Protein chains: 2
Amino acid sequence: MTSIEEVARRAGVSPATVSRALSGRGPVSSATRDRVRVIARELGYVVSSSASALASGRMRNVGIVLPFLNRWFYGAVVSGASSALLEQGYDLTLYNLGGGDEERRGVFEHFLLRKRVDAVLTVSLELTADEVRRLHDLRKPVIGVGGPVPGVRTLSVDEVGLSRLATAHLVSLGHTRLAHVGGGHSPELDFHLPSARRRGFEEALHEVGAPVRPEWELKSDFTIPGGYAAARQLLEGADRPTGIVAASDEMAIGAILAARDLGLDVPRDVSVVGLDDHSLADFFGLTTVAQYPDRQGRMAVEVLLREIDPRHPVPAPIDTALPFDLVVRSSTSAPRR
Amino acid sequence: MTSIEEVARRAGVSPATVSRALSGRGPVSSATRDRVRVIARELGYVVSSSASALASGRMRNVGIVLPFLNRWFYGAVVSGASSALLEQGYDLTLYNLGGGDEERRGVFEHFLLRKRVDAVLTVSLELTADEVRRLHDLRKPVIGVGGPVPGVRTLSVDEVGLSRLATAHLVSLGHTRLAHVGGGHSPELDFHLPSARRRGFEEALHEVGAPVRPEWELKSDFTIPGGYAAARQLLEGADRPTGIVAASDEMAIGAILAARDLGLDVPRDVSVVGLDDHSLADFFGLTTVAQYPDRQGRMAVEVLLREIDPRHPVPAPIDTALPFDLVVRSSTSAPRR
DNA sequence: ATGAAAGCGCTAACAT
DNA sequence: ATGTTAGCGCTTTCAT
């Protein structure tokens, strides 16, 4: 491993100058900078992150904490964040809490404290007060994506508006008999999200004076099988809704499959609308409201990096509400009359 | 941030002893060790990873390099690896190559060289010779999961056997008219896997003298839509196979959906078998061959950690072939006669 | 603009 | 079993 001293010798300068030339911090004449860079490249010199971190206090590393990885939304957020971080020369340390309480405690009590990260990004996480406190104790920038975490600044779409838009789409097609398949309360996931999406559904109905039937508001688990089961329940009887608003595309896809199994035509017999714009939504012809988790991950990173080091490229303004768009496909139409 | 010196003072010992007591390296009387640990906990002391790494050369961090995150297999491998790493007090740095050539180059040319990781785990990656060389230049343990990488030791199931088992299951039910929906060549993915799975299919047919019809060997892309398209093509005519072996559960699910859309009953009109035991396999009643990517991730980590530090708990023997099991559900039956 | 020198906070020889 | 000492490889004042 070539050291900074080796580069310095070959370039005929001091290690300090090499450091300045390579990091861009501090004044260096452009001639020496170029020379040093060329030589460093030739030698294949790369700074030792631990030495650099110890001396400077900067790790060039961001931690991402999330409840699990195997849902589309999480993977997308991480992908976006990852790509933004790599571009800026940052590493990404992943803390997947999926492994149980023991691991979860370990992450907050030990891992995050090791001075390994310059900032923390949490994804759709329901944090305890103690966990939030520990995060703040780090005195590092923290930001959440997906679902407001009390005490942590978050980047999130207007979940109520998202859901209202989906519902309003069905209403505008003439539906008044609408059901909602939402999320329940899960210990690890943010619990505001399910209720916000449910509220959006209800608001859209109230707006036009359509009835909200409690027995048509089901709680499920954001999965295809969960959506399937809920939709079967809704669609089995004769007195069934003409449209289903699901709080996620996975559940909406489950609903489409349930309708098919019951011999119902989508959208003729029942319209289905989802939320997210999952990668499978197009395949199933699912009308949905797209949000852009990869962009959310990227944006969160940009905000964080700017706080770590103001010299970073300016991100899009963050007080702007995150965008979401209705994507109409073939799973929705006017109700049969 | 409390330093090691503070702990040492309070415990009435030298920093060196604190280091030994906390890391378990070097002799310490159990009395002092306990005392030091208690005090460290009280003070909320956590070692500075950069200082420790600089002094010891150990980062307590493993890098995982993968082509993308949004496929079930990758998420599962990472989850398993993550959990195994957290248990052992290791961090996990994720290098997601999904972002394009620029990022990919950066990872191999800069990121991995920063002495950030003690070991590298690659997941189903097709590496160039140059990339392999760079990995070895690190002089760190490297292991691959999923698909043999030439020049890198890999942990992988017997893909041919996996596919042969799936095919043999259909054969044993009496099928002789079998089609294969496999993978094509993708630049970032390991390309041995698709051909190995195809070979397993062919071998199983050859064994019983059943015909392998080239026009029934389709190449797709491991996704549900891809499997759907391929299966439609296979099932549309009158001269169609009685069974489909798909090289992934996603494609198998696509095939089931295609059959349904064509008015065919699964398994009466056509049997479908997949490979993987995807989380959705059960929902679709898909017969498949389970492999256990989470365990593979965990196992890879255990092998790596043992190489980094022989004191680590002994992992399962690695020369043992990785396990896979036929899981029979409702998508397969004897062909209609 | 550059160099000299002092650490960053820990670990590992080496002594005792 | 414990303490002393010398770095690990950088970055950053502070001079010049």
# chains A, B, ... in the order shown; residues from 1 in each chain; ligands from 1
>>> interface_residues(of="chain A", to="chain B", cutoff="6 Å", atoms="only C-alpha atoms", output="ChimeraX atom specification")
/A:46-51,54,69-70,75,83,92-94,99,114-115
>>> residues_around(residues="range 153-156 of chain A", least_positions_apart="4", cutoff="8 Å", atoms="only C-alpha atoms (C1' of nucleotides)", output="PyMOL selection string")
chain A and resi 142-149+296+300+318+321-322
>>> interface_residues(of="chain D", to="chain B", cutoff="12 Å", atoms="only C-alpha atoms (C1' of nucleotides)", output="ChimeraX atom specification")
/D:1-10
>>> write_last_selection(atoms="C-alpha atoms (C1' of nucleotides)", output="CSV table (one decimal), in the first residue's frame")
chain,number,residue,atom,x,y,z
D,1,DA,C1',-1.3,-9.4,34.6
D,2,DT,C1',-0.3,-4.7,33.9
D,3,DG,C1',2.2,-0.4,32.4
D,4,DT,C1',5.3,2.1,29.1
D,5,DT,C1',6.2,3.5,24.7
D,6,DA,C1',6.1,3.9,20.0
D,7,DG,C1',3.7,4.2,16.3
D,8,DC,C1',-0.7,3.4,12.7
D,9,DG,C1',-1.2,7.3,8.2
D,10,DC,C1',-3.2,10.9,7.8
>>> closest_atom_pairs(of="chain C", to="chain A", cutoff="7 Å", atoms="only C-alpha atoms (C1' of nucleotides)", output="CSV")
residue,atom,partner,partner_atom,distance
C:DA1,C1',A:Val28,CA,5.9
C:DT2,C1',A:Thr17,CA,6.9
C:DG3,C1',A:Ser14,CA,6.4
C:DC8,C1',A:Ala55,CA,4.5
>>> write_last_selection(atoms="C-alpha atoms (C1' of nucleotides)", output="compact mmCIF listing (two decimals), in the first residue's frame")
# COMPACT_ATOMS: atom_id res chain seq x y z
C1' DA C 1 1.67 28.34 -1.67
C1' DT C 2 4.27 25.21 0.96
C1' DG C 3 6.65 22.77 4.97
C1' DC C 8 -6.28 12.26 16.13
>>> select_by_dssp(residues="range 238-275 of chain B", states="strand (DSSP E)", output="short mmCIF file (atom, residue, chain, number, x, y, z; two decimals) with N, CA and C atoms, in the first residue's frame")
data_model
loop_
_atom_site.label_atom_id
_atom_site.label_comp_id
_atom_site.auth_asym_id
_atom_site.auth_seq_id
_atom_site.Cartn_x
_atom_site.Cartn_y
_atom_site.Cartn_z
N GLY B 243 -45.68 -29.29 -19.37
CA GLY B 243 -45.03 -28.76 -18.17
C GLY B 243 -43.99 -27.72 -18.51
N ILE B 244 -43.84 -26.75 -17.63
CA ILE B 244 -42.83 -25.71 -17.82
C ILE B 244 -41.90 -25.69 -16.62
N VAL B 245 -40.62 -25.74 -16.91
CA VAL B 245 -39.62 -25.57 -15.87
C VAL B 245 -39.04 -24.17 -16.02
N ALA B 246 -39.23 -23.34 -15.03
CA ALA B 246 -38.71 -21.98 -15.11
C ALA B 246 -37.45 -21.88 -14.26
N SER B 271 -48.36 -28.02 -16.00
CA SER B 271 -47.69 -27.94 -14.71
C SER B 271 -46.58 -26.90 -14.79
N VAL B 272 -46.35 -26.23 -13.69
CA VAL B 272 -45.27 -25.23 -13.67
C VAL B 272 -44.41 -25.45 -12.43
N VAL B 273 -43.12 -25.47 -12.64
CA VAL B 273 -42.22 -25.58 -11.50
C VAL B 273 -41.17 -24.47 -11.59
N GLY B 274 -40.84 -23.92 -10.44
CA GLY B 274 -39.87 -22.83 -10.41
C GLY B 274 -38.60 -23.23 -9.67
N LEU B 275 -37.77 -22.26 -9.45
CA LEU B 275 -36.55 -22.47 -8.68
C LEU B 275 -36.33 -21.28 -7.76
#
>>> select_by_dssp(residues="range 81-323 of chain B", states="alpha helix (DSSP H)", output="number ranges by chain")
B: 81-87, 101-109, 129-137, 159-172, 192-207, 224-235, 249-261, 293-308
